[in-house]
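As stored in run_3.cif (mmCIF, C-alpha atoms):
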data_upload
#
loop_
_atom_site.group_PDB
_atom_site.id
_atom_site.type_symbol
_atom_site.label_atom_id
_atom_site.label_comp_id
_atom_site.auth_asym_id
_atom_site.auth_seq_id
_atom_site.Cartn_x
_atom_site.Cartn_y
_atom_site.Cartn_z
ATOM 1 C CA MET H 97 -38.316 -16.338 -3.886
ATOM 2 C CA LYS H 98 -36.398 -13.456 -5.437
ATOM 3 C CA ARG H 99 -32.627 -13.948 -5.438
ATOM 4 C CA THR H 100 -30.293 -10.952 -5.467
ATOM 5 C CA VAL H 101 -26.513 -10.768 -5.823
ATOM 6 C CA LEU H 102 -24.488 -7.588 -5.314
ATOM 7 C CA VAL H 103 -21.422 -7.352 -7.568
ATOM 8 C CA ALA H 104 -18.516 -5.046 -6.689
ATOM 9 C CA VAL H 105 -15.454 -4.582 -8.846
ATOM 10 C CA HIS H 106 -12.059 -2.892 -8.835
ATOM 11 C CA THR H 107 -12.827 -0.657 -11.804
ATOM 12 C CA GLY H 108 -9.205 0.451 -12.079
ATOM 13 C CA ARG H 109 -8.349 -2.901 -13.680
ATOM 14 C CA GLY H 110 -9.577 -3.720 -17.170
ATOM 15 C CA VAL H 111 -9.667 -7.448 -16.458
ATOM 16 C CA ALA H 112 -11.880 -6.767 -13.450
ATOM 17 C CA VAL H 113 -14.436 -4.861 -15.509
ATOM 18 C CA GLU H 114 -14.492 -7.567 -18.189
ATOM 19 C CA SER H 115 -14.882 -10.227 -15.513
ATOM 20 C CA ALA H 116 -17.701 -8.279 -13.880
ATOM 21 C CA ARG H 117 -19.613 -8.199 -17.166
ATOM 22 C CA LEU H 118 -19.230 -11.972 -17.507
ATOM 23 C CA VAL H 119 -20.480 -12.484 -13.949
ATOM 24 C CA ILE H 120 -23.432 -10.145 -14.374
ATOM 25 C CA ASN H 121 -24.571 -11.608 -17.688
ATOM 26 C CA ARG H 122 -24.337 -15.150 -16.327
ATOM 27 C CA LEU H 123 -26.331 -14.250 -13.202
ATOM 28 C CA VAL H 124 -28.998 -12.348 -15.163
ATOM 29 C CA ASP H 125 -29.368 -15.274 -17.579
ATOM 30 C CA ALA H 126 -30.017 -17.475 -14.542
ATOM 31 C CA GLY H 127 -32.871 -15.199 -13.439
ATOM 32 C CA ILE H 128 -30.990 -13.615 -10.542
ATOM 33 C CA THR H 129 -31.352 -9.896 -9.837
ATOM 34 C CA VAL H 130 -27.980 -8.147 -9.945
ATOM 35 C CA ARG H 131 -27.064 -4.997 -8.082
ATOM 36 C CA VAL H 132 -23.970 -2.892 -8.747
ATOM 37 C CA LEU H 133 -22.671 0.153 -6.932
ATOM 38 C CA GLU H 134 -23.561 3.513 -8.464
ATOM 39 C CA THR H 135 -19.905 4.538 -8.387
ATOM 40 C CA GLU H 136 -19.017 1.530 -10.557
ATOM 41 C CA ALA H 137 -22.084 1.235 -12.803
ATOM 42 C CA GLY H 138 -20.764 3.577 -15.488
ATOM 43 C CA GLU H 139 -17.530 1.625 -15.901
ATOM 44 C CA ILE H 140 -19.296 -1.727 -15.999
ATOM 45 C CA GLY H 141 -21.918 -0.566 -18.460
ATOM 46 C CA CYS H 142 -24.244 -3.589 -18.244
ATOM 47 C CA ALA H 143 -27.958 -3.352 -18.929
ATOM 48 C CA GLY H 144 -30.547 -4.965 -16.705
ATOM 49 C CA VAL H 145 -28.793 -4.254 -13.404
ATOM 50 C CA GLU H 146 -29.895 -2.224 -10.401
ATOM 51 C CA ALA H 147 -27.469 0.552 -9.420
ATOM 52 C CA VAL H 148 -27.438 1.291 -5.683
ATOM 53 C CA PRO H 149 -25.609 3.815 -3.473
ATOM 54 C CA SER H 150 -22.310 2.722 -1.916
ATOM 55 C CA ASP H 151 -23.621 2.473 1.632
ATOM 56 C CA PRO H 152 -24.524 -0.435 3.962
ATOM 57 C CA GLY H 153 -28.000 -0.579 2.424
ATOM 58 C CA ALA H 154 -26.434 -1.813 -0.819
ATOM 59 C CA ALA H 155 -26.060 -5.359 0.526
ATOM 60 C CA LYS H 156 -29.382 -5.545 2.374
ATOM 61 C CA ASP H 157 -31.269 -8.764 1.504
ATOM 62 C CA ALA H 158 -28.568 -9.766 -1.008
ATOM 63 C CA GLU H 159 -27.786 -13.473 -1.000
ATOM 64 C CA VAL H 160 -24.088 -12.931 -1.741
ATOM 65 C CA MET H 161 -21.786 -10.025 -2.517
ATOM 66 C CA MET H 162 -19.336 -11.037 -5.242
ATOM 67 C CA VAL H 163 -16.152 -8.977 -5.223
ATOM 68 C CA LEU H 164 -13.735 -8.893 -8.160
ATOM 69 C CA GLY H 165 -10.350 -7.555 -7.154
ATOM 70 C CA GLY H 166 -7.698 -8.150 -4.516
ATOM 71 C CA ASP H 167 -7.781 -8.265 -0.730
ATOM 72 C CA GLY H 168 -8.120 -4.479 -0.637
ATOM 73 C CA SER H 169 -11.349 -4.757 -2.617
ATOM 74 C CA LEU H 170 -12.593 -7.416 -0.171
ATOM 75 C CA LEU H 171 -11.870 -5.180 2.798
ATOM 76 C CA ARG H 172 -13.722 -2.310 1.155
ATOM 77 C CA ALA H 173 -16.664 -4.583 0.393
ATOM 78 C CA ALA H 174 -16.726 -5.832 3.981
ATOM 79 C CA GLU H 175 -17.732 -2.343 5.079
ATOM 80 C CA LEU H 176 -20.946 -2.764 3.078
ATOM 81 C CA ALA H 177 -21.597 -6.465 3.677
ATOM 82 C CA ARG H 178 -20.945 -6.725 7.415
ATOM 83 C CA PRO H 179 -23.915 -4.621 8.643
ATOM 84 C CA ALA H 180 -26.280 -6.609 6.400
ATOM 85 C CA GLY H 181 -24.801 -10.004 7.321
ATOM 86 C CA THR H 182 -24.273 -10.698 3.617
ATOM 87 C CA PRO H 183 -21.578 -13.262 2.741
ATOM 88 C CA LEU H 184 -18.635 -12.068 0.651
ATOM 89 C CA LEU H 185 -17.320 -14.113 -2.243
ATOM 90 C CA GLY H 186 -14.022 -12.830 -3.568
ATOM 91 C CA VAL H 187 -12.544 -13.513 -6.986
ATOM 92 C CA ASN H 188 -8.841 -12.759 -6.860
ATOM 93 C CA LEU H 189 -7.511 -10.374 -9.482
ATOM 94 C CA GLY H 190 -4.691 -9.132 -7.289
ATOM 95 C CA HIS H 191 -1.499 -10.711 -6.017
ATOM 96 C CA VAL H 192 -1.802 -13.015 -2.996
ATOM 97 C CA GLY H 193 -5.546 -12.574 -2.513
ATOM 98 C CA PHE H 194 -5.704 -14.496 0.752
ATOM 99 C CA LEU H 195 -9.335 -13.593 1.428
ATOM 100 C CA ALA H 196 -10.521 -14.511 -2.063
ATOM 101 C CA GLU H 197 -12.378 -17.738 -2.716
ATOM 102 C CA ALA H 198 -11.706 -18.144 -6.436
ATOM 103 C CA GLU H 199 -9.098 -17.176 -8.994
ATOM 104 C CA VAL H 200 -10.045 -15.455 -12.224
ATOM 105 C CA ASP H 201 -9.565 -18.709 -14.185
ATOM 106 C CA ASP H 202 -12.321 -20.263 -12.038
ATOM 107 C CA LEU H 203 -14.738 -17.393 -12.593
ATOM 108 C CA ALA H 204 -17.406 -19.207 -14.637
ATOM 109 C CA ALA H 205 -17.391 -22.180 -12.252
ATOM 110 C CA ALA H 206 -17.667 -19.840 -9.265
ATOM 111 C CA VAL H 207 -20.731 -18.125 -10.746
ATOM 112 C CA ASP H 208 -22.301 -21.505 -11.525
ATOM 113 C CA SER H 209 -21.774 -22.538 -7.889
ATOM 114 C CA VAL H 210 -23.559 -19.398 -6.701
ATOM 115 C CA VAL H 211 -26.438 -19.991 -9.117
ATOM 116 C CA ALA H 212 -26.778 -23.588 -7.905
ATOM 117 C CA GLY H 213 -26.400 -22.610 -4.246
ATOM 118 C CA ARG H 214 -23.331 -24.814 -3.878
ATOM 119 C CA TYR H 215 -21.567 -22.887 -1.148
ATOM 120 C CA ASP H 216 -21.245 -22.737 2.617
ATOM 121 C CA VAL H 217 -20.873 -19.657 4.787
ATOM 122 C CA GLU H 218 -18.219 -19.256 7.459
ATOM 123 C CA GLU H 219 -17.925 -16.450 9.967
ATOM 124 C CA ARG H 220 -14.680 -14.584 10.501
ATOM 125 C CA MET H 221 -14.028 -12.862 13.784
ATOM 126 C CA THR H 222 -13.624 -9.072 13.734
ATOM 127 C CA ILE H 223 -12.388 -6.556 16.291
ATOM 128 C CA ASP H 224 -14.083 -3.459 17.667
ATOM 129 C CA VAL H 225 -11.725 -0.543 18.178
ATOM 130 C CA ILE H 226 -12.163 2.598 20.238
ATOM 131 C CA ALA H 227 -9.651 5.415 20.723
ATOM 132 C CA ARG H 228 -9.937 8.038 23.467
ATOM 133 C CA LEU H 229 -8.041 11.043 24.769
ATOM 134 C CA ASN H 230 -8.873 12.072 28.330
ATOM 135 C CA GLY H 231 -12.300 10.480 28.015
ATOM 136 C CA ARG H 232 -13.069 12.058 24.627
ATOM 137 C CA VAL H 233 -13.779 9.528 21.869
ATOM 138 C CA LEU H 234 -11.468 9.995 18.891
ATOM 139 C CA ALA H 235 -12.562 6.919 16.928
ATOM 140 C CA ASP H 236 -15.150 4.167 17.293
ATOM 141 C CA THR H 237 -14.643 1.656 14.497
ATOM 142 C CA TRP H 238 -13.835 -1.984 13.654
ATOM 143 C CA ALA H 239 -11.542 -4.150 11.551
ATOM 144 C CA LEU H 240 -11.479 -7.569 9.918
ATOM 145 C CA ASN H 241 -7.687 -7.846 9.694
ATOM 146 C CA GLU H 242 -6.034 -5.505 12.146
ATOM 147 C CA ALA H 243 -5.936 -2.227 14.016
ATOM 148 C CA THR H 244 -2.494 -0.627 14.041
ATOM 149 C CA VAL H 245 -1.167 2.197 16.166
ATOM 150 C CA GLU H 246 1.697 3.645 14.115
ATOM 151 C CA LYS H 247 4.235 6.438 14.297
ATOM 152 C CA GLN H 248 3.863 9.439 12.039
ATOM 153 C CA GLU H 249 7.431 10.775 11.996
ATOM 154 C CA ARG H 250 9.402 9.838 15.088
ATOM 155 C CA MET H 251 9.377 6.596 17.056
ATOM 156 C CA LEU H 252 6.398 6.008 19.337
ATOM 157 C CA GLU H 253 6.703 5.449 23.078
ATOM 158 C CA VAL H 254 3.810 3.247 24.148
ATOM 159 C CA VAL H 255 2.661 1.143 27.071
ATOM 160 C CA THR H 256 0.611 -1.934 26.228
ATOM 161 C CA GLU H 257 -2.047 -3.592 28.361
ATOM 162 C CA ILE H 258 -3.932 -6.875 28.365
ATOM 163 C CA ASP H 259 -7.112 -7.318 30.413
ATOM 164 C CA GLY H 260 -6.539 -4.209 32.463
ATOM 165 C CA ARG H 261 -2.968 -5.054 33.449
ATOM 166 C CA PRO H 262 0.176 -3.355 32.046
ATOM 167 C CA LEU H 263 2.300 -5.631 29.866
ATOM 168 C CA SER H 264 5.326 -3.701 28.592
ATOM 169 C CA ARG H 265 6.620 -0.335 27.465
ATOM 170 C CA TRP H 266 8.053 -0.136 23.967
ATOM 171 C CA GLY H 267 9.838 2.400 21.845
ATOM 172 C CA CYS H 268 8.663 1.210 18.437
ATOM 173 C CA ASP H 269 7.311 2.001 14.998
ATOM 174 C CA GLY H 270 3.895 0.763 16.046
ATOM 175 C CA VAL H 271 1.752 -1.980 17.557
ATOM 176 C CA ILE H 272 -0.544 -4.329 15.618
ATOM 177 C CA CYS H 273 -3.683 -5.831 17.152
ATOM 178 C CA ALA H 274 -4.972 -8.483 14.760
ATOM 179 C CA THR H 275 -7.520 -11.215 14.233
ATOM 180 C CA PRO H 276 -6.671 -14.728 12.992
ATOM 181 C CA THR H 277 -7.763 -13.552 9.530
ATOM 182 C CA GLY H 278 -5.317 -10.667 9.811
ATOM 183 C CA SER H 279 -2.498 -12.952 10.911
ATOM 184 C CA THR H 280 -1.602 -13.527 7.240
ATOM 185 C CA ALA H 281 -1.692 -9.818 6.404
ATOM 186 C CA TYR H 282 0.228 -6.968 8.076
ATOM 187 C CA ALA H 283 0.915 -9.073 11.190
ATOM 188 C CA PHE H 284 2.591 -11.737 9.049
ATOM 189 C CA SER H 285 4.849 -9.139 7.416
ATOM 190 C CA ALA H 286 5.823 -7.846 10.875
ATOM 191 C CA GLY H 287 6.907 -11.316 12.008
ATOM 192 C CA GLY H 288 3.740 -12.524 13.696
ATOM 193 C CA PRO H 289 2.472 -16.109 13.772
ATOM 194 C CA VAL H 290 0.063 -17.600 11.245
ATOM 195 C CA VAL H 291 -3.164 -18.427 13.074
ATOM 196 C CA TRP H 292 -5.682 -20.782 11.478
ATOM 197 C CA PRO H 293 -9.056 -19.045 10.927
ATOM 198 C CA GLU H 294 -11.013 -21.454 13.112
ATOM 199 C CA VAL H 295 -8.817 -20.570 16.094
ATOM 200 C CA GLU H 296 -10.517 -17.814 18.076
ATOM 201 C CA ALA H 297 -7.844 -15.500 19.421
ATOM 202 C CA LEU H 298 -6.482 -11.962 19.402
ATOM 203 C CA LEU H 299 -2.915 -11.078 18.433
ATOM 204 C CA MET H 300 -0.708 -8.252 19.635
ATOM 205 C CA LEU H 301 2.747 -7.600 18.225
ATOM 206 C CA PRO H 302 5.102 -4.624 18.188
ATOM 207 C CA ILE H 303 6.686 -3.279 15.013
ATOM 208 C CA SER H 304 10.467 -2.797 15.239
ATOM 209 C CA ALA H 305 10.446 -2.422 19.020
ATOM 210 C CA HIS H 306 13.620 -1.403 20.864
ATOM 211 C CA ALA H 307 13.136 -3.815 23.761
ATOM 212 C CA LEU H 308 14.296 -7.190 24.969
ATOM 213 C CA PHE H 309 10.723 -8.407 25.352
ATOM 214 C CA ALA H 310 9.098 -7.654 22.008
ATOM 215 C CA LYS H 311 7.505 -10.893 20.901
ATOM 216 C CA PRO H 312 4.120 -11.441 19.229
ATOM 217 C CA MET H 313 1.429 -12.587 21.663
ATOM 218 C CA VAL H 314 -1.706 -14.658 21.103
ATOM 219 C CA VAL H 315 -4.376 -14.146 23.749
ATOM 220 C CA SER H 316 -7.940 -15.161 24.507
ATOM 221 C CA PRO H 317 -10.729 -13.846 22.257
ATOM 222 C CA ARG H 318 -12.378 -12.624 25.469
ATOM 223 C CA SER H 319 -9.399 -10.380 26.287
ATOM 224 C CA THR H 320 -9.209 -6.630 25.862
ATOM 225 C CA LEU H 321 -6.008 -5.197 24.401
ATOM 226 C CA ALA H 322 -4.932 -1.605 24.897
ATOM 227 C CA VAL H 323 -2.142 0.623 23.606
ATOM 228 C CA GLU H 324 -1.394 3.945 25.297
ATOM 229 C CA ILE H 325 0.799 6.604 23.676
ATOM 230 C CA LEU H 326 2.837 8.206 26.442
ATOM 231 C CA PRO H 327 1.939 11.885 26.952
ATOM 232 C CA ALA H 328 5.521 13.186 26.612
ATOM 233 C CA THR H 329 6.072 11.578 23.194
ATOM 234 C CA PRO H 330 4.901 12.471 19.668
ATOM 235 C CA GLY H 331 1.411 11.381 18.636
ATOM 236 C CA GLY H 332 0.642 8.639 16.159
ATOM 237 C CA VAL H 333 -2.076 7.396 13.873
ATOM 238 C CA LEU H 334 -4.599 4.570 14.058
ATOM 239 C CA TRP H 335 -5.172 2.513 10.904
ATOM 240 C CA CYS H 336 -7.941 -0.080 10.640
ATOM 241 C CA ASP H 337 -7.559 -2.586 7.795
ATOM 242 C CA GLY H 338 -5.336 -0.033 6.076
ATOM 243 C CA ARG H 339 -8.494 1.860 5.079
ATOM 244 C CA ARG H 340 -9.710 3.975 7.983
ATOM 245 C CA ARG H 341 -7.256 6.482 9.476
ATOM 246 C CA PHE H 342 -7.528 8.456 12.719
ATOM 247 C CA GLU H 343 -5.107 10.888 14.310
ATOM 248 C CA LEU H 344 -3.855 9.924 17.786
ATOM 249 C CA PRO H 345 -2.480 12.836 19.814
ATOM 250 C CA SER H 346 0.007 12.208 22.602
ATOM 251 C CA GLY H 347 -1.721 10.560 25.560
ATOM 252 C CA SER H 348 -4.269 8.702 23.401
ATOM 253 C CA ARG H 349 -5.467 5.250 24.402
ATOM 254 C CA VAL H 350 -6.685 2.602 21.924
ATOM 255 C CA GLU H 351 -8.729 -0.368 23.138
ATOM 256 C CA VAL H 352 -9.352 -3.481 21.040
ATOM 257 C CA ARG H 353 -11.762 -6.304 21.768
ATOM 258 C CA ARG H 354 -13.634 -9.000 19.878
ATOM 259 C CA GLY H 355 -16.081 -7.495 17.405
ATOM 260 C CA ALA H 356 -19.814 -7.654 18.016
ATOM 261 C CA GLU H 357 -20.468 -8.573 14.365
ATOM 262 C CA PRO H 358 -18.458 -11.055 12.275
ATOM 263 C CA VAL H 359 -17.728 -10.855 8.565
ATOM 264 C CA ARG H 360 -19.260 -13.736 6.646
ATOM 265 C CA LEU H 361 -17.402 -15.416 3.772
ATOM 266 C CA ALA H 362 -18.900 -17.747 1.158
ATOM 267 C CA ARG H 363 -16.958 -20.959 0.540
ATOM 268 C CA LEU H 364 -17.685 -22.758 -2.717
ATOM 269 C CA HIS H 365 -18.165 -26.438 -3.424
ATOM 270 C CA GLY H 366 -16.529 -28.177 -6.344
ATOM 271 C CA VAL H 367 -14.316 -25.402 -7.691
ATOM 272 C CA GLU H 368 -10.710 -26.498 -8.053
ATOM 273 C CA SER H 369 -8.233 -24.552 -5.912
ATOM 274 C CA THR H 370 -11.028 -23.194 -3.712
ATOM 275 C CA GLY H 371 -12.934 -24.606 -0.810
ATOM 276 C CA ALA H 372 -9.586 -26.088 0.234
ATOM 277 C CA PRO H 373 -8.294 -26.636 3.771
ATOM 278 C CA PHE H 374 -6.446 -23.629 5.152
ATOM 279 C CA THR H 375 -3.151 -25.536 4.990
ATOM 280 C CA ASP H 376 -3.591 -25.967 1.234
ATOM 281 C CA ARG H 377 -4.427 -22.280 0.844
ATOM 282 C CA LEU H 378 -1.297 -21.357 2.759
ATOM 283 C CA VAL H 379 0.866 -23.567 0.551
ATOM 284 C CA ALA H 380 -0.718 -22.232 -2.656
ATOM 285 C CA LYS H 381 -0.691 -18.525 -1.770
ATOM 286 C CA PHE H 382 2.887 -18.461 -0.484
ATOM 287 C CA GLU H 383 4.161 -21.117 -2.905
ATOM 288 C CA LEU H 384 5.582 -23.163 -0.035
ATOM 289 C CA PRO H 385 7.871 -26.093 -0.926
ATOM 290 C CA VAL H 386 6.188 -29.430 -0.153
ATOM 291 C CA GLN H 387 8.075 -31.694 -2.571
ATOM 292 C CA GLY H 388 8.872 -35.047 -0.993
ATOM 293 C CA TRP H 389 5.770 -35.166 1.185
ATOM 294 C CA ARG H 390 4.420 -38.730 1.303
ATOM 295 C CA GLY H 391 1.549 -38.331 3.737
ATOM 296 C CA ARG H 392 0.341 -40.865 6.233
ATOM 297 C CA VAL H 393 1.557 -44.373 5.559
ATOM 298 C CA ARG H 394 -1.448 -46.642 5.101
ATOM 299 C CA PRO H 395 -1.253 -50.213 6.496
#

Please express what this file holds, its structure, as C-alpha cells.
Amino acid sequence: MKRTVLVAVHTGRGVAVESARLVINRLVDAGITVRVLETEAGEIGCAGVEAVPSDPGAAKDAEVMMVLGGDGSLLRAAELARPAGTPLLGVNLGHVGFLAEAEVDDLAAAVDSVVAGRYDVEERMTIDVIARLNGRVLADTWALNEATVEKQERMLEVVTEIDGRPLSRWGCDGVICATPTGSTAYAFSAGGPVVWPEVEALLMLPISAHALFAKPMVVSPRSTLAVEILPATPGGVLWCDGRRRFELPSGSRVEVRRGAEPVRLARLHGVESTGAPFTDRLVAKFELPVQGWRGRVRP
C-alpha cells in the first residue's frame, strides 16, 4: 500500500528548511511518497517530491502531516489537516512549542518512528464559532486553541451567556473562549487554568475585566457559550487561533460550541522527551521546579 507523508515547514527559518530536507530525504529513502506545499517547494528545493496547492486537498490520503516550526506553524497546518482527518506531527523549532511532539534534536528519531509506524493518534477537541449581527452571518469558522472577542481601540462592553442564560456584563479588553488544548496558550497568559487535554470542557475567561465577578470558568463540552457586544459601545474583532480575523460591529453576537471535527495529533513511541505524560510536558515546557520530589514511597 502506498504511503504518503505531507511535510510543511516554516520557510522563514534556515534551520527549518535544513531540517525539512533531512526529513524528506529520509522518508524518500524509506520508499515513502513525500508531498510539500507549492508555496514552500522552491525554498526546500528537494527532488523527488510532489508539490501540491496549499488547500485542504493537500493532506488528503496522507498518513501524517509533519510540521517543522513552532505552534503557529502547527495551527496553520491544522487548517489543511483537519478536513482530511490527517494526524499532525510537529517538530518544534520555535520557543515553547506546546503542540509539537518532538524537538529538533530528536528529528532523525522522529522520522524513523514515522517510517516504522511507531506512533499513536489522539484527537483534540475543537470549537465551532459563528458570529452574527441581526441575523446576518459575519463569520462561520472554527479554532483548535481559542476564539477571542477583543477590543479594537476602546474597552468593550459585553454581556456573556452560557446555555442560553445571561452570565455577566463586563467592561473588558476581551473575552476568550478556549479548548483544553488552548488552555496553555492565550488563555494561560490571561490567567486561565491549565486543563489536561483528556478533560473535555470549554473555557470562558475575560481579559482585564472591570468587574467584581471576572473569573475564568470551565463548563461542559455540551454547553454553548456566547458573547454579545452591547449596541451602544464600540465594535470589536474576532480572532480564531490568532490566524483568522473578523470585524465585529456593535451589537454583534458570537456563539461558541464544541467543534464537529477534531484535530488529530500523532504521538510517537520511543523518542526521548516526547510521548510523555502531559504533566511531564508541562514541567519541561515551562521549566517548572520539581527538585526534591521523591515520588510514591514503595513498601

* Selection: 8 Å around Ile258 of chain H, only C-alpha atoms, excl. self and same-chain fewer than 4 positions, as a PyMOL selection string -> chain H and resi 262-263+319-322

* To do: Rank H:Thr135, H:Ser348, H:Asn241, H:Ser150 by their smallest atom-to-atom distance to Pro276 of chain H, using all atoms listed in the file, and report the top residue only.
  =>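 Looking at the shortest contact to Pro276 of chain H, the residue is H:Asn241.
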
* Best match for closeness to Gly190 of chain H among H:Gly127, H:Gly141, H:Gly108, H:Gly287, counting all atoms listed in the file ->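 Looking at the shortest contact to Gly190 of chain H, the residue is H:Gly108.
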
* Rounded to one decimal in Å, what is the spacing between atom CA of Gly388 of chain H and atom CA of Ala196 of chain H? ->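 Rounded to one decimal, the two atoms are 28.3 Å apart.
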
If we count all atoms listed in the file and set the cut-off at 8 Å, which residues sit around segment 179-185 of chain H, ignoring sequence neighbours fewer than 6 positions away in its own chain? Please answer as a PDB file with C-alpha atoms, keeping the file's coordinate frame.
ATOM      1  CA  PRO H 152     -24.524  -0.435   3.962  1.00  0.00           C
ATOM      2  CA  GLY H 153     -28.000  -0.579   2.424  1.00  0.00           C
ATOM      3  CA  ALA H 155     -26.060  -5.359   0.526  1.00  0.00           C
ATOM      4  CA  LYS H 156     -29.382  -5.545   2.374  1.00  0.00           C
ATOM      5  CA  ASP H 157     -31.269  -8.764   1.504  1.00  0.00           C
ATOM      6  CA  ALA H 158     -28.568  -9.766  -1.008  1.00  0.00           C
ATOM      7  CA  GLU H 159     -27.786 -13.473  -1.000  1.00  0.00           C
ATOM      8  CA  VAL H 160     -24.088 -12.931  -1.741  1.00  0.00           C
ATOM      9  CA  MET H 161     -21.786 -10.025  -2.517  1.00  0.00           C
ATOM     10  CA  MET H 162     -19.336 -11.037  -5.242  1.00  0.00           C
ATOM     11  CA  VAL H 163     -16.152  -8.977  -5.223  1.00  0.00           C
ATOM     12  CA  LEU H 170     -12.593  -7.416  -0.171  1.00  0.00           C
ATOM     13  CA  ALA H 173     -16.664  -4.583   0.393  1.00  0.00           C
ATOM     14  CA  ALA H 196     -10.521 -14.511  -2.063  1.00  0.00           C
ATOM     15  CA  GLU H 197     -12.378 -17.738  -2.716  1.00  0.00           C
ATOM     16  CA  VAL H 217     -20.873 -19.657   4.787  1.00  0.00           C
ATOM     17  CA  GLU H 357     -20.468  -8.573  14.365  1.00  0.00           C
ATOM     18  CA  VAL H 359     -17.728 -10.855   8.565  1.00  0.00           C
ATOM     19  CA  ARG H 360     -19.260 -13.736   6.646  1.00  0.00           C
ATOM     20  CA  LEU H 361     -17.402 -15.416   3.772  1.00  0.00           C
ATOM     21  CA  ALA H 362     -18.900 -17.747   1.158  1.00  0.00           C
ATOM     22  CA  ARG H 363     -16.958 -20.959   0.540  1.00  0.00           C
TER      23      ARG H 363
END

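Interatomic distance, atom CA of Ala310 of chain H against atom CA of Gly270 of chain H: 11.6 Å.
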
* Between atom CA of Ala174 of chain H and atom CA of Arg341 of chain H, what is the distance, to one decimal in Å? ->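 These atoms are spaced 16.5 Å apart.
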
* Place a sphere of radius 8 Å on (-5.3, -2.7, 24.0) in the file coordinates and name every protein, DNA or RNA residue with an atom inside or on its surface, counting all atoms listed in the file; give the answer as a PyMOL selection string. => chain H and resi 256-258+273+320-324+349-353

* Contacts of Pro312 of chain H at 7 Å or less, counting all atoms listed in the file, minus same-chain residues fewer than 6 places along, as a list in words? ->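 Everything that qualifies: Gly288, Met300, Leu301 and Pro302 of chain H.
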
* Explicit residues for the PyMOL selection byres ((chain H and resi 193) around 10) (as a ChimeraX atom specification) -> /H:165-170,186-192,194-199,381

Please produce segment 179-196 of chain H, completed to N, CA and C atoms, as an mmCIF file, keeping the file's coordinate frame.
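Output (result_33.cif):
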data_model
loop_
_atom_site.group_PDB
_atom_site.id
_atom_site.type_symbol
_atom_site.label_atom_id
_atom_site.label_comp_id
_atom_site.auth_asym_id
_atom_site.auth_seq_id
_atom_site.Cartn_x
_atom_site.Cartn_y
_atom_site.Cartn_z
ATOM 1 N N PRO H 179 -22.681 -5.020 7.950
ATOM 2 C CA PRO H 179 -23.915 -4.621 8.643
ATOM 3 C C PRO H 179 -25.141 -5.414 8.194
ATOM 4 N N ALA H 180 -25.137 -5.865 6.929
ATOM 5 C CA ALA H 180 -26.280 -6.609 6.400
ATOM 6 C C ALA H 180 -26.169 -8.106 6.661
ATOM 7 N N GLY H 181 -25.007 -8.566 7.124
ATOM 8 C CA GLY H 181 -24.801 -10.004 7.321
ATOM 9 C C GLY H 181 -24.698 -10.766 6.020
ATOM 10 N N THR H 182 -24.363 -10.076 4.942
ATOM 11 C CA THR H 182 -24.273 -10.698 3.617
ATOM 12 C C THR H 182 -22.915 -11.355 3.414
ATOM 13 N N PRO H 183 -22.871 -12.607 2.972
ATOM 14 C CA PRO H 183 -21.578 -13.262 2.741
ATOM 15 C C PRO H 183 -20.827 -12.636 1.569
ATOM 16 N N LEU H 184 -19.514 -12.555 1.710
ATOM 17 C CA LEU H 184 -18.635 -12.068 0.651
ATOM 18 C C LEU H 184 -18.040 -13.240 -0.104
ATOM 19 N N LEU H 185 -17.984 -13.117 -1.420
ATOM 20 C CA LEU H 185 -17.320 -14.113 -2.243
ATOM 21 C C LEU H 185 -16.334 -13.381 -3.134
ATOM 22 N N GLY H 186 -15.047 -13.552 -2.837
ATOM 23 C CA GLY H 186 -14.022 -12.830 -3.568
ATOM 24 C C GLY H 186 -13.447 -13.623 -4.720
ATOM 25 N N VAL H 187 -13.260 -12.948 -5.839
ATOM 26 C CA VAL H 187 -12.544 -13.513 -6.986
ATOM 27 C C VAL H 187 -11.246 -12.737 -7.110
ATOM 28 N N ASN H 188 -10.131 -13.420 -6.954
ATOM 29 C CA ASN H 188 -8.841 -12.759 -6.860
ATOM 30 C C ASN H 188 -8.328 -12.280 -8.214
ATOM 31 N N LEU H 189 -8.139 -10.965 -8.309
ATOM 32 C CA LEU H 189 -7.511 -10.374 -9.482
ATOM 33 C C LEU H 189 -6.254 -9.625 -9.074
ATOM 34 N N GLY H 190 -5.851 -9.833 -7.807
ATOM 35 C CA GLY H 190 -4.691 -9.132 -7.289
ATOM 36 C C GLY H 190 -3.479 -10.029 -7.240
ATOM 37 N N HIS H 191 -2.745 -9.947 -6.143
ATOM 38 C CA HIS H 191 -1.499 -10.711 -6.017
ATOM 39 C C HIS H 191 -1.743 -11.949 -5.174
ATOM 40 N N VAL H 192 -1.596 -11.843 -3.846
ATOM 41 C CA VAL H 192 -1.802 -13.015 -2.996
ATOM 42 C C VAL H 192 -3.280 -13.343 -2.881
ATOM 43 N N GLY H 193 -4.097 -12.353 -2.569
ATOM 44 C CA GLY H 193 -5.546 -12.574 -2.513
ATOM 45 C C GLY H 193 -5.948 -13.624 -1.490
ATOM 46 N N PHE H 194 -5.473 -13.465 -0.243
ATOM 47 C CA PHE H 194 -5.704 -14.496 0.752
ATOM 48 C C PHE H 194 -7.171 -14.622 1.139
ATOM 49 N N LEU H 195 -7.915 -13.544 1.053
ATOM 50 C CA LEU H 195 -9.335 -13.593 1.428
ATOM 51 C C LEU H 195 -10.228 -14.108 0.301
ATOM 52 N N ALA H 196 -9.706 -14.129 -0.911
ATOM 53 C CA ALA H 196 -10.521 -14.511 -2.063
ATOM 54 C C ALA H 196 -10.820 -15.990 -2.056
#
